[in-house]
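Below is data-v9.txt, holding compact mmCIF, C-alpha atoms.
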# COMPACT_ATOMS: atom_id res chain seq x y z
CA MET A 196 37.37 -108.31 98.32
CA ASN A 197 38.36 -108.54 101.98
CA ASN A 198 38.96 -111.71 104.03
CA PRO A 199 35.65 -111.82 105.94
CA THR A 200 33.59 -111.25 102.81
CA LEU A 201 35.53 -113.88 100.91
CA GLN A 202 35.08 -116.37 103.76
CA VAL A 203 31.31 -115.83 103.72
CA ILE A 204 31.23 -116.39 99.95
CA ILE A 205 33.31 -119.58 100.20
CA ASN A 206 31.13 -120.88 103.04
CA GLU A 207 28.11 -120.30 100.82
CA ILE A 208 29.43 -121.80 97.57
CA SER A 209 31.40 -124.72 99.01
CA PRO A 210 28.41 -127.02 99.66
CA ILE A 211 26.94 -126.09 96.28
CA LEU A 212 30.10 -126.99 94.33
CA LEU A 213 31.04 -130.18 96.21
CA GLU A 214 30.83 -133.29 93.99
CA GLN A 215 30.11 -131.14 90.91
CA LYS A 216 31.95 -131.72 87.64
CA PHE A 217 34.33 -129.13 86.26
CA GLY A 218 32.90 -128.09 82.91
CA LYS A 219 33.76 -125.49 80.35
CA ILE A 220 35.71 -122.30 81.06
CA PHE A 221 34.58 -119.10 79.36
CA PRO A 222 37.26 -116.36 79.18
CA LEU A 223 35.33 -113.07 79.22
CA GLY A 224 38.45 -110.93 79.22
CA LYS A 225 42.14 -111.19 79.95
CA LEU A 226 41.46 -111.42 83.69
CA ARG A 227 37.77 -112.45 83.90
CA PHE A 228 36.46 -116.00 83.64
CA VAL A 229 33.31 -118.01 84.14
CA ILE A 230 33.44 -121.73 84.94
CA ASP A 231 30.54 -124.06 84.30
CA PHE A 232 30.22 -126.61 87.12
CA ARG A 233 26.97 -127.90 85.61
CA LEU A 234 24.84 -126.47 88.39
CA ASN A 235 21.06 -126.37 88.20
CA GLY A 236 19.41 -123.07 87.46
CA GLY A 237 22.07 -121.63 85.15
CA SER A 238 24.56 -120.76 87.89
CA TYR A 239 28.24 -120.34 87.07
CA LEU A 240 31.38 -119.48 89.04
CA PHE A 241 32.61 -115.99 88.12
CA ILE A 242 36.28 -115.13 88.72
CA SER A 243 37.78 -111.67 88.24
CA LEU A 244 41.48 -111.01 88.76
CA GLU A 245 41.20 -107.33 87.88
CA PRO A 246 43.65 -105.48 90.19
CA PHE A 247 41.04 -102.92 91.28
CA ALA A 248 38.35 -105.52 92.06
CA PRO A 249 39.45 -109.16 92.42
CA ARG A 250 36.45 -111.33 93.25
CA VAL A 251 34.83 -114.74 93.01
CA TYR A 252 31.14 -115.62 93.34
CA LEU A 253 28.30 -117.58 91.78
CA THR A 254 26.35 -115.78 89.08
CA GLN A 255 23.37 -116.63 86.95
CA CYS A 256 23.33 -116.08 83.21
CA LYS A 257 22.39 -117.83 80.02
CA LEU A 258 24.81 -120.23 78.36
CA ARG A 259 24.10 -118.57 75.03
CA ASP A 260 25.26 -115.20 76.42
CA LEU A 261 28.47 -116.72 77.80
CA GLU A 262 29.28 -118.37 74.50
CA ARG A 263 28.71 -115.08 72.66
CA GLN A 264 30.88 -113.06 75.09
CA SER A 265 33.64 -115.68 75.32
CA LEU A 266 37.06 -114.86 73.88
CA ASN A 267 39.71 -117.20 72.51
CA PRO A 268 41.29 -119.17 75.37
CA ASN A 269 44.89 -118.44 76.31
CA PRO A 270 47.35 -121.32 76.88
CA PHE A 271 46.62 -121.45 80.62
CA ILE A 272 42.86 -121.83 80.03
CA GLN A 273 43.59 -124.56 77.48
CA LEU A 274 45.71 -126.39 80.07
CA LEU A 275 42.89 -126.13 82.63
CA ARG A 276 40.45 -127.56 80.10
CA LYS A 277 42.84 -130.41 79.33
CA ARG A 278 43.72 -131.31 82.94
CA LEU A 279 40.47 -130.58 84.80
CA SER A 280 37.81 -131.54 82.27
CA ASN A 281 35.16 -133.63 84.04
CA GLY A 282 37.10 -133.44 87.30
CA VAL A 283 34.92 -133.72 90.40
CA VAL A 284 35.23 -131.07 93.12
CA GLN A 285 36.37 -132.73 96.34
CA SER A 286 36.73 -129.58 98.45
CA VAL A 287 36.57 -125.80 98.33
CA SER A 288 38.53 -123.93 100.97
CA LYS A 289 40.02 -120.55 101.78
CA ASP A 290 43.48 -120.19 103.27
CA GLU A 291 43.30 -118.71 106.76
CA ASN A 292 44.03 -114.96 106.86
CA GLU A 293 44.73 -114.97 103.10
CA ARG A 294 42.62 -114.16 100.06
CA VAL A 295 43.44 -117.50 98.44
CA VAL A 296 40.77 -120.03 97.45
CA ARG A 297 41.57 -123.67 96.67
CA PHE A 298 39.47 -126.12 94.68
CA LYS A 299 40.63 -129.74 94.99
CA LEU A 300 39.48 -131.84 92.05
CA LEU A 301 39.66 -135.56 91.41
CA VAL A 302 40.19 -136.26 87.71
CA ASN A 303 39.90 -139.68 86.08
CA ASP A 304 42.29 -139.63 83.12
CA GLU A 305 42.13 -142.45 80.58
CA PHE A 306 45.93 -142.67 80.46
CA ASP A 307 47.06 -141.76 83.99
CA GLY A 308 44.10 -143.02 86.02
CA LEU A 309 42.94 -140.99 89.03
CA ASN A 310 44.78 -137.73 89.70
CA THR A 311 44.21 -134.94 92.18
CA PHE A 312 44.70 -131.35 91.07
CA THR A 313 44.27 -128.11 92.97
CA PHE A 314 42.94 -125.04 91.19
CA VAL A 315 44.02 -121.96 93.17
CA ILE A 316 42.52 -118.48 92.93
CA GLN A 317 44.71 -115.79 94.48
CA LEU A 318 42.63 -112.61 94.98
CA THR A 319 45.38 -110.27 96.15
CA GLY A 320 44.88 -107.08 94.14
CA ARG A 321 47.72 -106.35 91.71
CA SER A 322 49.29 -109.77 92.30
CA ALA A 323 46.04 -111.70 91.71
CA ASN A 324 46.58 -114.93 89.80
CA LEU A 325 45.32 -118.43 89.01
CA PHE A 326 47.41 -121.56 89.57
CA LEU A 327 47.14 -125.23 88.76
CA LEU A 328 48.86 -127.52 91.27
CA ASP A 329 49.49 -131.26 91.05
CA GLU A 330 48.88 -133.78 93.85
CA LYS A 331 52.19 -132.80 95.51
CA ASP A 332 51.23 -129.10 95.40
CA PHE A 333 53.84 -128.27 92.76
CA ILE A 334 52.79 -125.48 90.43
CA LEU A 335 52.12 -126.89 86.96
CA ASP A 336 51.23 -123.52 85.46
CA SER A 337 49.85 -120.08 86.30
CA LEU A 338 47.96 -117.41 84.46
Mind turning the file's structure into structure tokens?
Amino acid sequence: MNNPTLQVIINEISPILLEQKFGKIFPLGKLRFVIDFRLNGGSYLFISLEPFAPRVYLTQCKLRDLERQSLNPNPFIQLLRKRLSNGVVQSVSKDENERVVRFKLLVNDEFDGLNTFTFVIQLTGRSANLFLLDEKDFILDSL
């Protein structure tokens, strides 16, 4: 996925995902994921970190199919579920001249109160990765 194409996709999905709650993550493979942002119409955010075709976009499918295809979550996915569950998307942006997408989420934790986390998708071919950053942009964990 090249920079201009990615920018068009982010421009399209950003207004759709703003103020939406981070829901369940469905691991469909070692490097493919679907995130439920509780959108109307059965839309989900698809993320692929496959080296030959890294991509991110909204897709439509049935929840039943996702649950059937879903694999056991790895430790990183479990951390995302723990930290970002019910977090509200504050912004979706793409780094200029980079294939890096950032989702800023505001999470209300019963113990810590309000926290801001950044979920980063790096779509850079063989070095593609996911990151979870804290409010100071320190990396908490990566895929």
- Query: What is the CA of Ile204 in chain A to CA of Asn281 in chain A distance in Å?
  - Reply: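 CA of Ile204 in chain A sits 23.8 Å away from CA of Asn281 in chain A.
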- Interatomic distance between CA of Phe221 in chain A and CA of Leu275 in chain A? 11.4 Å
- Quick one: residues within 7 Å of Leu253 in chain A, all atoms listed in the file counted, chain neighbours fewer than 2 positions away excluded, as JSON, numbers by chain? {"A": [238, 239, 240, 241, 255]}
- Message: Residues near Leu244 in chain A, anyone? I mean within 8 Å using all atoms listed in the file, not counting same-chain ones fewer than 2 positions away, as a VMD selection string.
- Response: chain A and resid 226 to 227 242 246 248 to 250 318 320 323 to 324
- Message: Nearest residue to Ser288 in chain A out of A:Leu223, A:Leu212, A:Leu301, A:Leu234, using all atoms listed in the file?
- Response: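 The answer is A:Leu212, which sits nearest to Ser288 in chain A.
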- Query: Which is closest to Arg294 in chain A among A:Val251, A:Leu325, A:Ile208, A:Leu201, if we use all atoms listed in the file?
  - Reply: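 Checking each of A:Val251, A:Leu325, A:Ile208, A:Leu201 against Arg294 in chain A, counting all atoms listed in the file, the winner is A:Leu201.
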- Message: Using only C-alpha atoms, which protein or nucleic acid residues come within 12 Å of Gly224 in chain A? Drop anything in the same chain fewer than 2 positions from it, and give the result as a ChimeraX atom specification.
- Response: /A:220-222,226-229,241-245,261,264-269,272
- Could you check which of A:Lys299, A:Lys331, A:Arg278, A:Arg233 is closest to Lys216 in chain A, using all atoms listed in the file?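 Ranked by minimum distance to Lys216 in chain A, first place goes to A:Arg233.
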- Between CA of Phe298 in chain A and CA of Gln202 in chain A - distance in Å to one decimal: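 Going from CA of Gln202 in chain A over to CA of Phe298 in chain A covers 14.0 Å.
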At a cut-off of 12 Å, using only C-alpha atoms, what residues contact Val287 in chain A? Leave out same-chain residues fewer than 6 positions from it and give the result as an mmCIF file with C-alpha atoms, keeping the file's coordinate frame.
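Done, and the output landed in part-v2.cif:
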data_model
loop_
_atom_site.group_PDB
_atom_site.id
_atom_site.type_symbol
_atom_site.label_atom_id
_atom_site.label_comp_id
_atom_site.auth_asym_id
_atom_site.auth_seq_id
_atom_site.Cartn_x
_atom_site.Cartn_y
_atom_site.Cartn_z
ATOM 1 C CA GLN A 202 35.080 -116.370 103.760
ATOM 2 C CA ILE A 204 31.230 -116.390 99.950
ATOM 3 C CA ILE A 205 33.310 -119.580 100.200
ATOM 4 C CA ASN A 206 31.130 -120.880 103.040
ATOM 5 C CA GLU A 207 28.110 -120.300 100.820
ATOM 6 C CA ILE A 208 29.430 -121.800 97.570
ATOM 7 C CA SER A 209 31.400 -124.720 99.010
ATOM 8 C CA PRO A 210 28.410 -127.020 99.660
ATOM 9 C CA ILE A 211 26.940 -126.090 96.280
ATOM 10 C CA LEU A 212 30.100 -126.990 94.330
ATOM 11 C CA LEU A 213 31.040 -130.180 96.210
ATOM 12 C CA GLU A 214 30.830 -133.290 93.990
ATOM 13 C CA GLN A 215 30.110 -131.140 90.910
ATOM 14 C CA VAL A 295 43.440 -117.500 98.440
ATOM 15 C CA VAL A 296 40.770 -120.030 97.450
ATOM 16 C CA ARG A 297 41.570 -123.670 96.670
ATOM 17 C CA PHE A 298 39.470 -126.120 94.680
ATOM 18 C CA LYS A 299 40.630 -129.740 94.990
ATOM 19 C CA LEU A 300 39.480 -131.840 92.050
ATOM 20 C CA THR A 313 44.270 -128.110 92.970
ATOM 21 C CA PHE A 314 42.940 -125.040 91.190
ATOM 22 C CA VAL A 315 44.020 -121.960 93.170
ATOM 23 C CA ILE A 316 42.520 -118.480 92.930
#
Missing atoms in range 269-283 of chain A should be modelled up to N, CA and C atoms and reported as an mmCIF file, keeping the file's coordinate frame.
data_model
loop_
_atom_site.group_PDB
_atom_site.id
_atom_site.type_symbol
_atom_site.label_atom_id
_atom_site.label_comp_id
_atom_site.auth_asym_id
_atom_site.auth_seq_id
_atom_site.Cartn_x
_atom_site.Cartn_y
_atom_site.Cartn_z
ATOM 1 N N ASN A 269 43.422 -118.527 76.295
ATOM 2 C CA ASN A 269 44.890 -118.440 76.310
ATOM 3 C C ASN A 269 45.458 -119.817 76.667
ATOM 4 N N PRO A 270 46.764 -120.002 76.597
ATOM 5 C CA PRO A 270 47.350 -121.320 76.880
ATOM 6 C C PRO A 270 47.031 -121.867 78.278
ATOM 7 N N PHE A 271 46.937 -120.989 79.276
ATOM 8 C CA PHE A 271 46.620 -121.450 80.620
ATOM 9 C C PHE A 271 45.202 -122.022 80.676
ATOM 10 N N ILE A 272 44.252 -121.355 80.049
ATOM 11 C CA ILE A 272 42.860 -121.830 80.030
ATOM 12 C C ILE A 272 42.795 -123.162 79.279
ATOM 13 N N GLN A 273 43.551 -123.298 78.217
ATOM 14 C CA GLN A 273 43.590 -124.560 77.480
ATOM 15 C C GLN A 273 44.139 -125.689 78.344
ATOM 16 N N LEU A 274 45.162 -125.380 79.154
ATOM 17 C CA LEU A 274 45.710 -126.390 80.070
ATOM 18 C C LEU A 274 44.667 -126.785 81.113
ATOM 19 N N LEU A 275 43.935 -125.809 81.658
ATOM 20 C CA LEU A 275 42.890 -126.130 82.630
ATOM 21 C C LEU A 275 41.838 -127.039 82.007
ATOM 22 N N ARG A 276 41.440 -126.728 80.787
ATOM 23 C CA ARG A 276 40.450 -127.560 80.100
ATOM 24 C C ARG A 276 40.979 -128.984 79.930
ATOM 25 N N LYS A 277 42.241 -129.091 79.562
ATOM 26 C CA LYS A 277 42.840 -130.410 79.330
ATOM 27 C C LYS A 277 42.943 -131.222 80.620
ATOM 28 N N ARG A 278 43.451 -130.594 81.684
ATOM 29 C CA ARG A 278 43.720 -131.310 82.940
ATOM 30 C C ARG A 278 42.485 -131.510 83.817
ATOM 31 N N LEU A 279 41.572 -130.547 83.833
ATOM 32 C CA LEU A 279 40.470 -130.580 84.800
ATOM 33 C C LEU A 279 39.134 -130.978 84.213
ATOM 34 N N SER A 280 39.069 -131.190 82.911
ATOM 35 C CA SER A 280 37.810 -131.540 82.270
ATOM 36 C C SER A 280 37.180 -132.752 82.940
ATOM 37 N N ASN A 281 35.937 -132.603 83.345
ATOM 38 C CA ASN A 281 35.160 -133.630 84.040
ATOM 39 C C ASN A 281 35.700 -134.007 85.412
ATOM 40 N N GLY A 282 36.623 -133.213 85.939
ATOM 41 C CA GLY A 282 37.100 -133.440 87.300
ATOM 42 C C GLY A 282 35.989 -133.144 88.291
ATOM 43 N N VAL A 283 35.967 -133.872 89.386
ATOM 44 C CA VAL A 283 34.920 -133.720 90.400
ATOM 45 C C VAL A 283 35.492 -132.942 91.585
#
